[in-house]
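Engineer: Dropping the structure in here first, questions after.
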Amino acid sequence: MRRYPPLLLLMLGLLGLFSISCDSADEESGTVTLVGQVLDAETNEPVVGAFVRILANDAFDKDPDQDRLVETDSTGHWAIDIKIDFTVDLTIVATEDAYDTDRRTVLAIADREIEVPTIRLRRIIAEEIESGTPSNILLVGATNLVIGVIESGSDEVTNITFQVADSAGQAVNLDDQAFVTFRLGQQPGGGEFIAPTEAPTDNNGLVTVNLSSGTRAGVVQVIAETTTKDGTIIRSKPVAVTIHGGLPDQTHFTVGPSQFNFPGLAGILATKLPISVVVGDKWSNPVRTGTAVYFNTTHGVIEGSLRTDAEGRGTIDLISGNPLPSQTGIAIVHASSAGNFDPNDNGEQRVASFFPVLFSGFITIGVSPATARLGQTYALTVTDHLGNPLAPGTNISVVAQGTKVKAVGNTDVDLGDTGFIELDNQGLPSSYRAFTGPGITQFTFRAVEDLRIDEGGFPTLEAIKITVSGPNGSLEIVLTAGGAQTRTVGATIEQLPNGHVMVRAPER
């Protein structure tokens with residue numbers, strides 16, 4: 001075997017290592033292909049014309065002509081070939097004037113195509129959208145679609161904003177600015193007005209008009225119009241604004257019951273009587289919806305308050321209950337509300353009214369004479385147990401029973417409502433007295449021969465039946481030749497010295 005000197009062996013080994021190192025360096029250098037896409041972060045649409053720059057410090061080949069900058073195409077895609085000296089992490093930076101800068105990092109290996117993760121840029125400058133010719137006028141909104149008449153205490157002005165848009169629904173900008181005129185359509189005619197009557201749109205196609213109320217409640221319509229360059233008139237749909245009334249006014253404050261006489265003492269627990277109000281302002285319009293009206297009563301129980309509707313109306317109930325008006329039967333109901341500001345009183349005026357109501361009770365019948373006799377004229381009294389008229393809807397019936405006889409006079413009577421005599425204006429039960437007298441509490445009738453019946457024999461009167469029925473109950477009395485009797489269970493009969501008879505219904 002041939003032997004080599006040690007020094008030669010060492011030199012040969014170092015030469016081999018150098019050769020291996022050079023071969024390895026050649027394998028790591030070369031060209032890498034980078035591909036990717038740049039998108040809008042919000043819309044996911046491609047960003048066209050964005051610049052993509054490749055950064056890697058000293059890893060690039062030192063070729064001075066190598067371009068390390070590329071621009072995205074119409075789909076946001078980009079691709080570039082880069083010469084590298086060795087495997088390295090490359091930084092890809094994407095920029096565009098209207099967007100924030102963003103970047104990605106990838107491992108670049110020679111002679112390979114590397115797909116760079118999608119870069120999403122966030123817009124920092126709003127995109128300017130071109131608009132077309134005005135085509136529509138749309139309502140954007142109003143500060144209030146309900147306002148009050150002047151001096152109502154409510155908002156008297158509302159701001160209405162419209163937007164002028166092109167045929168694609170895009171708001172017109174300043175390049176296509178429109179001059180919009182405003183006018184009123186339907187209106188109550190109380191002096192309401194708009195300002196300005198004309199105004200230009202802003203860069204968002206917006207324009208605003210102010211509507212001020214007048215002295216009348218009702219609905220007012222606001223219409224916006226503009227004329228295009230070709231002479232076409234474009235108008236909005238009418239915007240309806242409700243003008244409601246002001247505060248209650250004494251002259252226009254009306255309150256009263258559905259009837260003035262109700263059977264509140266007739267023994268039926270919690271009998272109800274509806275009480276209604278109609279409230280207007282000083283312009284004679286209904287007050288604003290929800291105006292409060294307060295109530296109290298000297299007798300019985302009444303619902304404390306109500307809120308008026310759009311017509312200024314409202315209804316509550318008066319309910320029979322303690323304390324009952326046991327002496328006169330009359331109660332006084334008071335109603336009030338807060339009216340306009342009175343500088344003399346340093347506050348709001350009190351709008352108020354009151355009225356009497358009759359609590360009627362059990363039926364009492366008085367008749368004279370108390371016996372049945374042909375040709376006799378009878379005096380009939382029908383009241384409640386306090387001597388007051390019975391409630392509306394009461395029927396008084398008188399029937400003569402026998403042969404060839406009939407009753408004439410007040411024989412079939414339906415009572416109406418009760419009226420009052422006002423003694424003073426103190427607002428107390430003693431200030432009023434219910435009307436009584438002929439046709440209300442006093443009646444007359446006769447039992448006579450019925451000449452319409454063509455038959456033999458003499459007329460014979462067997463009895464006279466008197467029946468009273470209605471909301472206060474029912475009571476019947478029968479007059480015979482021997483005197484008076486009643487068929488109403490629990491009723492009492494009292495024979496008076498003057499020949500009168502009094503029949504009282506039982507208390508329920």
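Labeling convention for the structure tokens: chains A, B, ... as they appear, residues from 1 per chain, ligands from 1 in order of appearance.
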Residues near A:Leu451, anyone? I mean within 10 Å using only C-alpha atoms, not counting same-chain ones fewer than 4 positions away, as a PyMOL selection string.

Structural biologist: chain A and resi 404-406+455+459

Engineer: Quick one: write out the picked residues with C-alpha atoms as a short mmCIF file (atom, residue, chain, number, x, y, z; two decimals), in the first residue's frame?

Structural biologist:
data_model
loop_
_atom_site.label_atom_id
_atom_site.label_comp_id
_atom_site.auth_asym_id
_atom_site.auth_seq_id
_atom_site.Cartn_x
_atom_site.Cartn_y
_atom_site.Cartn_z
CA LYS A 404 -167.13 48.29 27.43
CA VAL A 405 -164.73 50.47 29.46
CA LYS A 406 -161.36 52.12 28.88
CA GLU A 455 -172.19 45.16 21.94
CA PRO A 459 -170.50 49.38 30.67
#

Engineer: Within stretch 21-125 of chain A, find each residue whose DSSP state, derived from the backbone, is helix (DSSP H, G or I), and express the selection as an MDAnalysis selection string.

Structural biologist: chainID A and resid 21:28

Engineer: Let me make sure I understand: among A:Phe362, A:Phe51, A:Phe295, A:Phe193, which one has the smallest atom-to-atom distance to A:Ser469 if we use only C-alpha atoms?

Structural biologist: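 Of all the options, A:Phe362 lies closest to A:Ser469.
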
Engineer: Please provide as a PyMOL selection string all residues within 8 Å of stretch 209-222 of chain A, with the sequence filter that same-chain residues fewer than 2 positions apart are discarded (counting only C-alpha atoms).

Structural biologist: chain A and resi 147-150+156-161+182-197+207+224+238-245+283+285-286

Engineer: Store the residues picked out above in a file with N, CA and C atoms, as an mmCIF file, in the first residue's frame.

Structural biologist:
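Listing of again00.cif after writing:
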data_model
loop_
_atom_site.group_PDB
_atom_site.id
_atom_site.type_symbol
_atom_site.label_atom_id
_atom_site.label_comp_id
_atom_site.auth_asym_id
_atom_site.auth_seq_id
_atom_site.Cartn_x
_atom_site.Cartn_y
_atom_site.Cartn_z
ATOM 1 N N ILE A 147 -96.946 68.169 16.241
ATOM 2 C CA ILE A 147 -96.599 69.429 16.904
ATOM 3 C C ILE A 147 -97.887 70.066 17.418
ATOM 4 N N GLY A 148 -97.751 71.115 18.199
ATOM 5 C CA GLY A 148 -98.920 71.774 18.773
ATOM 6 C C GLY A 148 -99.162 73.132 18.153
ATOM 7 N N VAL A 149 -100.389 73.608 18.284
ATOM 8 C CA VAL A 149 -100.689 74.959 17.822
ATOM 9 C C VAL A 149 -99.881 75.949 18.661
ATOM 10 N N ILE A 150 -99.794 77.169 18.186
ATOM 11 C CA ILE A 150 -99.005 78.161 18.911
ATOM 12 C C ILE A 150 -99.572 78.380 20.306
ATOM 13 N N GLU A 156 -93.704 73.675 18.561
ATOM 14 C CA GLU A 156 -94.491 74.306 17.501
ATOM 15 C C GLU A 156 -93.801 74.231 16.148
ATOM 16 N N VAL A 157 -92.557 73.715 16.113
ATOM 17 C CA VAL A 157 -91.776 73.643 14.881
ATOM 18 C C VAL A 157 -91.209 72.236 14.736
ATOM 19 N N THR A 158 -91.206 71.714 13.508
ATOM 20 C CA THR A 158 -90.558 70.448 13.214
ATOM 21 C C THR A 158 -89.644 70.614 12.006
ATOM 22 N N ASN A 159 -88.497 69.952 12.021
ATOM 23 C CA ASN A 159 -87.540 69.986 10.910
ATOM 24 C C ASN A 159 -87.710 68.725 10.080
ATOM 25 N N ILE A 160 -87.975 68.883 8.797
ATOM 26 C CA ILE A 160 -88.200 67.747 7.903
ATOM 27 C C ILE A 160 -87.046 67.685 6.902
ATOM 28 N N THR A 161 -86.399 66.528 6.800
ATOM 29 C CA THR A 161 -85.238 66.355 5.926
ATOM 30 C C THR A 161 -85.574 65.412 4.783
ATOM 31 N N PHE A 182 -90.219 74.006 -1.588
ATOM 32 C CA PHE A 182 -91.143 73.394 -0.648
ATOM 33 C C PHE A 182 -92.484 74.121 -0.705
ATOM 34 N N ARG A 183 -93.558 73.341 -0.545
ATOM 35 C CA ARG A 183 -94.890 73.933 -0.489
ATOM 36 C C ARG A 183 -95.776 73.092 0.421
ATOM 37 N N LEU A 184 -96.893 73.690 0.833
ATOM 38 C CA LEU A 184 -97.856 72.996 1.678
ATOM 39 C C LEU A 184 -98.967 72.415 0.818
ATOM 40 N N GLY A 185 -99.398 71.207 1.156
ATOM 41 C CA GLY A 185 -100.548 70.602 0.506
ATOM 42 C C GLY A 185 -101.783 70.847 1.354
ATOM 43 N N GLN A 186 -102.416 69.780 1.820
ATOM 44 C CA GLN A 186 -103.553 69.920 2.728
ATOM 45 C C GLN A 186 -103.098 70.623 3.995
ATOM 46 N N GLN A 187 -103.935 71.517 4.507
ATOM 47 C CA GLN A 187 -103.570 72.267 5.714
ATOM 48 C C GLN A 187 -104.819 72.781 6.402
ATOM 49 N N PRO A 188 -104.767 72.955 7.730
ATOM 50 C CA PRO A 188 -105.944 73.419 8.464
ATOM 51 C C PRO A 188 -106.254 74.893 8.256
ATOM 52 N N GLY A 189 -105.289 75.672 7.766
ATOM 53 C CA GLY A 189 -105.555 77.084 7.488
ATOM 54 C C GLY A 189 -105.496 77.975 8.696
ATOM 55 N N GLY A 190 -104.606 77.658 9.613
ATOM 56 C CA GLY A 190 -104.473 78.487 10.808
ATOM 57 C C GLY A 190 -103.228 79.341 10.818
ATOM 58 N N GLY A 191 -102.631 79.562 9.633
ATOM 59 C CA GLY A 191 -101.436 80.394 9.556
ATOM 60 C C GLY A 191 -100.139 79.623 9.624
ATOM 61 N N GLU A 192 -100.183 78.311 9.482
ATOM 62 C CA GLU A 192 -98.951 77.521 9.480
ATOM 63 C C GLU A 192 -98.101 77.878 8.254
ATOM 64 N N PHE A 193 -96.768 77.752 8.357
ATOM 65 C CA PHE A 193 -95.899 78.133 7.248
ATOM 66 C C PHE A 193 -94.618 77.321 7.280
ATOM 67 N N ILE A 194 -93.885 77.357 6.137
ATOM 68 C CA ILE A 194 -92.611 76.653 6.017
ATOM 69 C C ILE A 194 -91.510 77.654 5.701
ATOM 70 N N ALA A 195 -90.282 77.300 6.101
ATOM 71 C CA ALA A 195 -89.100 78.127 5.805
ATOM 72 C C ALA A 195 -87.873 77.231 5.847
ATOM 73 N N PRO A 196 -86.960 77.394 4.887
ATOM 74 C CA PRO A 196 -87.079 78.262 3.707
ATOM 75 C C PRO A 196 -88.025 77.656 2.681
ATOM 76 N N THR A 197 -88.369 78.427 1.688
ATOM 77 C CA THR A 197 -89.215 77.903 0.622
ATOM 78 C C THR A 197 -88.395 77.245 -0.483
ATOM 79 N N VAL A 207 -81.507 67.964 2.180
ATOM 80 C CA VAL A 207 -82.031 69.320 2.272
ATOM 81 C C VAL A 207 -83.108 69.327 3.343
ATOM 82 N N ALA A 224 -91.951 68.404 -1.246
ATOM 83 C CA ALA A 224 -90.684 68.905 -1.790
ATOM 84 C C ALA A 224 -90.645 68.632 -3.296
ATOM 85 N N PRO A 238 -96.344 63.482 -0.192
ATOM 86 C CA PRO A 238 -96.662 64.439 0.880
ATOM 87 C C PRO A 238 -96.319 63.865 2.253
ATOM 88 N N VAL A 239 -95.654 64.665 3.052
ATOM 89 C CA VAL A 239 -95.323 64.280 4.421
ATOM 90 C C VAL A 239 -96.378 64.887 5.340
ATOM 91 N N ALA A 240 -97.117 64.027 6.036
ATOM 92 C CA ALA A 240 -98.217 64.491 6.882
ATOM 93 C C ALA A 240 -97.720 64.766 8.296
ATOM 94 N N VAL A 241 -97.972 65.961 8.774
ATOM 95 C CA VAL A 241 -97.643 66.356 10.144
ATOM 96 C C VAL A 241 -98.938 66.741 10.847
ATOM 97 N N THR A 242 -99.156 66.163 12.016
ATOM 98 C CA THR A 242 -100.368 66.461 12.784
ATOM 99 C C THR A 242 -100.122 67.642 13.712
ATOM 100 N N ILE A 243 -101.003 68.621 13.631
ATOM 101 C CA ILE A 243 -100.960 69.758 14.558
ATOM 102 C C ILE A 243 -102.099 69.558 15.545
ATOM 103 N N HIS A 244 -101.750 69.305 16.798
ATOM 104 C CA HIS A 244 -102.813 69.109 17.778
ATOM 105 C C HIS A 244 -103.105 70.410 18.510
ATOM 106 N N GLY A 245 -104.207 70.379 19.272
ATOM 107 C CA GLY A 245 -104.687 71.588 19.927
ATOM 108 C C GLY A 245 -103.835 72.012 21.110
ATOM 109 N N TRP A 283 -108.696 78.283 20.447
ATOM 110 C CA TRP A 283 -108.941 78.426 19.016
ATOM 111 C C TRP A 283 -110.130 77.566 18.583
ATOM 112 N N ASN A 285 -110.279 74.366 18.784
ATOM 113 C CA ASN A 285 -109.832 73.046 18.342
ATOM 114 C C ASN A 285 -109.784 72.091 19.522
ATOM 115 N N PRO A 286 -109.882 70.791 19.261
ATOM 116 C CA PRO A 286 -109.701 69.837 20.357
ATOM 117 C C PRO A 286 -108.327 70.018 20.998
#

Engineer: Provide the atom CA of A:Val32 to atom CA of A:Ile80 distance in Å, to one decimal place.

Structural biologist: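 Atom-to-atom, atom CA of A:Val32 and atom CA of A:Ile80 are spaced 8.4 Å apart.
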
Engineer: Tell me which protein, DNA and RNA residues are within 10 Å of A:Leu247, counting only C-alpha atoms, leaving out same-chain ones fewer than 5 positions away, and put them as a PDB file with C-alpha atoms, in the first residue's frame.

Structural biologist:
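Result went into result-v5.pdb, see below:
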ATOM      1  CA  GLY A 148     -98.920  71.774  18.773  1.00  0.00           C
ATOM      2  CA  VAL A 149    -100.689  74.959  17.822  1.00  0.00           C
ATOM      3  CA  GLU A 151     -99.016  78.818  22.653  1.00  0.00           C
ATOM      4  CA  SER A 152     -99.964  75.189  23.306  1.00  0.00           C
ATOM      5  CA  GLY A 153     -96.972  74.366  25.456  1.00  0.00           C
ATOM      6  CA  SER A 154     -95.839  71.768  22.907  1.00  0.00           C
ATOM      7  CA  VAL A 279    -112.391  69.943  25.792  1.00  0.00           C
ATOM      8  CA  GLY A 280    -111.274  72.569  23.283  1.00  0.00           C
ATOM      9  CA  ASP A 281    -108.538  75.166  23.226  1.00  0.00           C
ATOM     10  CA  LYS A 282    -109.000  78.914  22.795  1.00  0.00           C
ATOM     11  CA  TRP A 283    -108.941  78.426  19.016  1.00  0.00           C
ATOM     12  CA  ASN A 285    -109.832  73.046  18.342  1.00  0.00           C
ATOM     13  CA  PRO A 286    -109.701  69.837  20.357  1.00  0.00           C
ATOM     14  CA  VAL A 287    -106.987  70.007  22.994  1.00  0.00           C
ATOM     15  CA  ARG A 288    -103.897  67.920  22.486  1.00  0.00           C
ATOM     16  CA  THR A 291    -104.922  66.176  28.215  1.00  0.00           C
ATOM     17  CA  SER A 337    -108.209  70.788  34.042  1.00  0.00           C
ATOM     18  CA  ALA A 338    -105.147  73.017  33.700  1.00  0.00           C
ATOM     19  CA  GLY A 339    -105.557  75.763  31.114  1.00  0.00           C
ATOM     20  CA  ASN A 340    -103.389  78.458  29.600  1.00  0.00           C
ATOM     21  CA  PHE A 341    -100.742  80.342  31.553  1.00  0.00           C
ATOM     22  CA  GLU A 348    -101.850  78.080  34.808  1.00  0.00           C
ATOM     23  CA  GLN A 349    -105.528  78.921  34.758  1.00  0.00           C
ATOM     24  CA  VAL A 351    -110.566  75.348  33.805  1.00  0.00           C
TER      25      VAL A 351
END

Engineer: Identify which of the residues A:Val93, A:Ala178, A:Val146, A:Leu386 lies closest to A:Thr289, counting only C-alpha atoms when measuring atom-to-atom distances.

Structural biologist: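 Going through A:Val93, A:Ala178, A:Val146, A:Leu386 one by one, the smallest distance to A:Thr289 is for A:Val146.
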
Engineer: Would you mind listing what lies within 9 Å of A:Gly304 as a compact mmCIF listing (two decimals) with C-alpha atoms, in the first residue's frame, with only C-alpha atoms counted and same-chain residues fewer than 5 positions away left out?

Structural biologist:
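What landed in around.txt:
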# COMPACT_ATOMS: atom_id res chain seq x y z
CA VAL A 293 -109.31 66.10 33.24
CA TYR A 294 -109.92 65.55 36.96
CA PHE A 295 -113.22 64.75 38.72
CA ASN A 296 -114.74 64.69 42.17
CA ILE A 316 -115.53 58.10 33.10

Engineer: Within 12 Å of A:Gly231, counting only C-alpha atoms, which residues show up once you throw out same-chain ones fewer than 2 positions away? Write them as number ranges by chain, please.

Structural biologist: A: 133-135, 226-229, 233-234
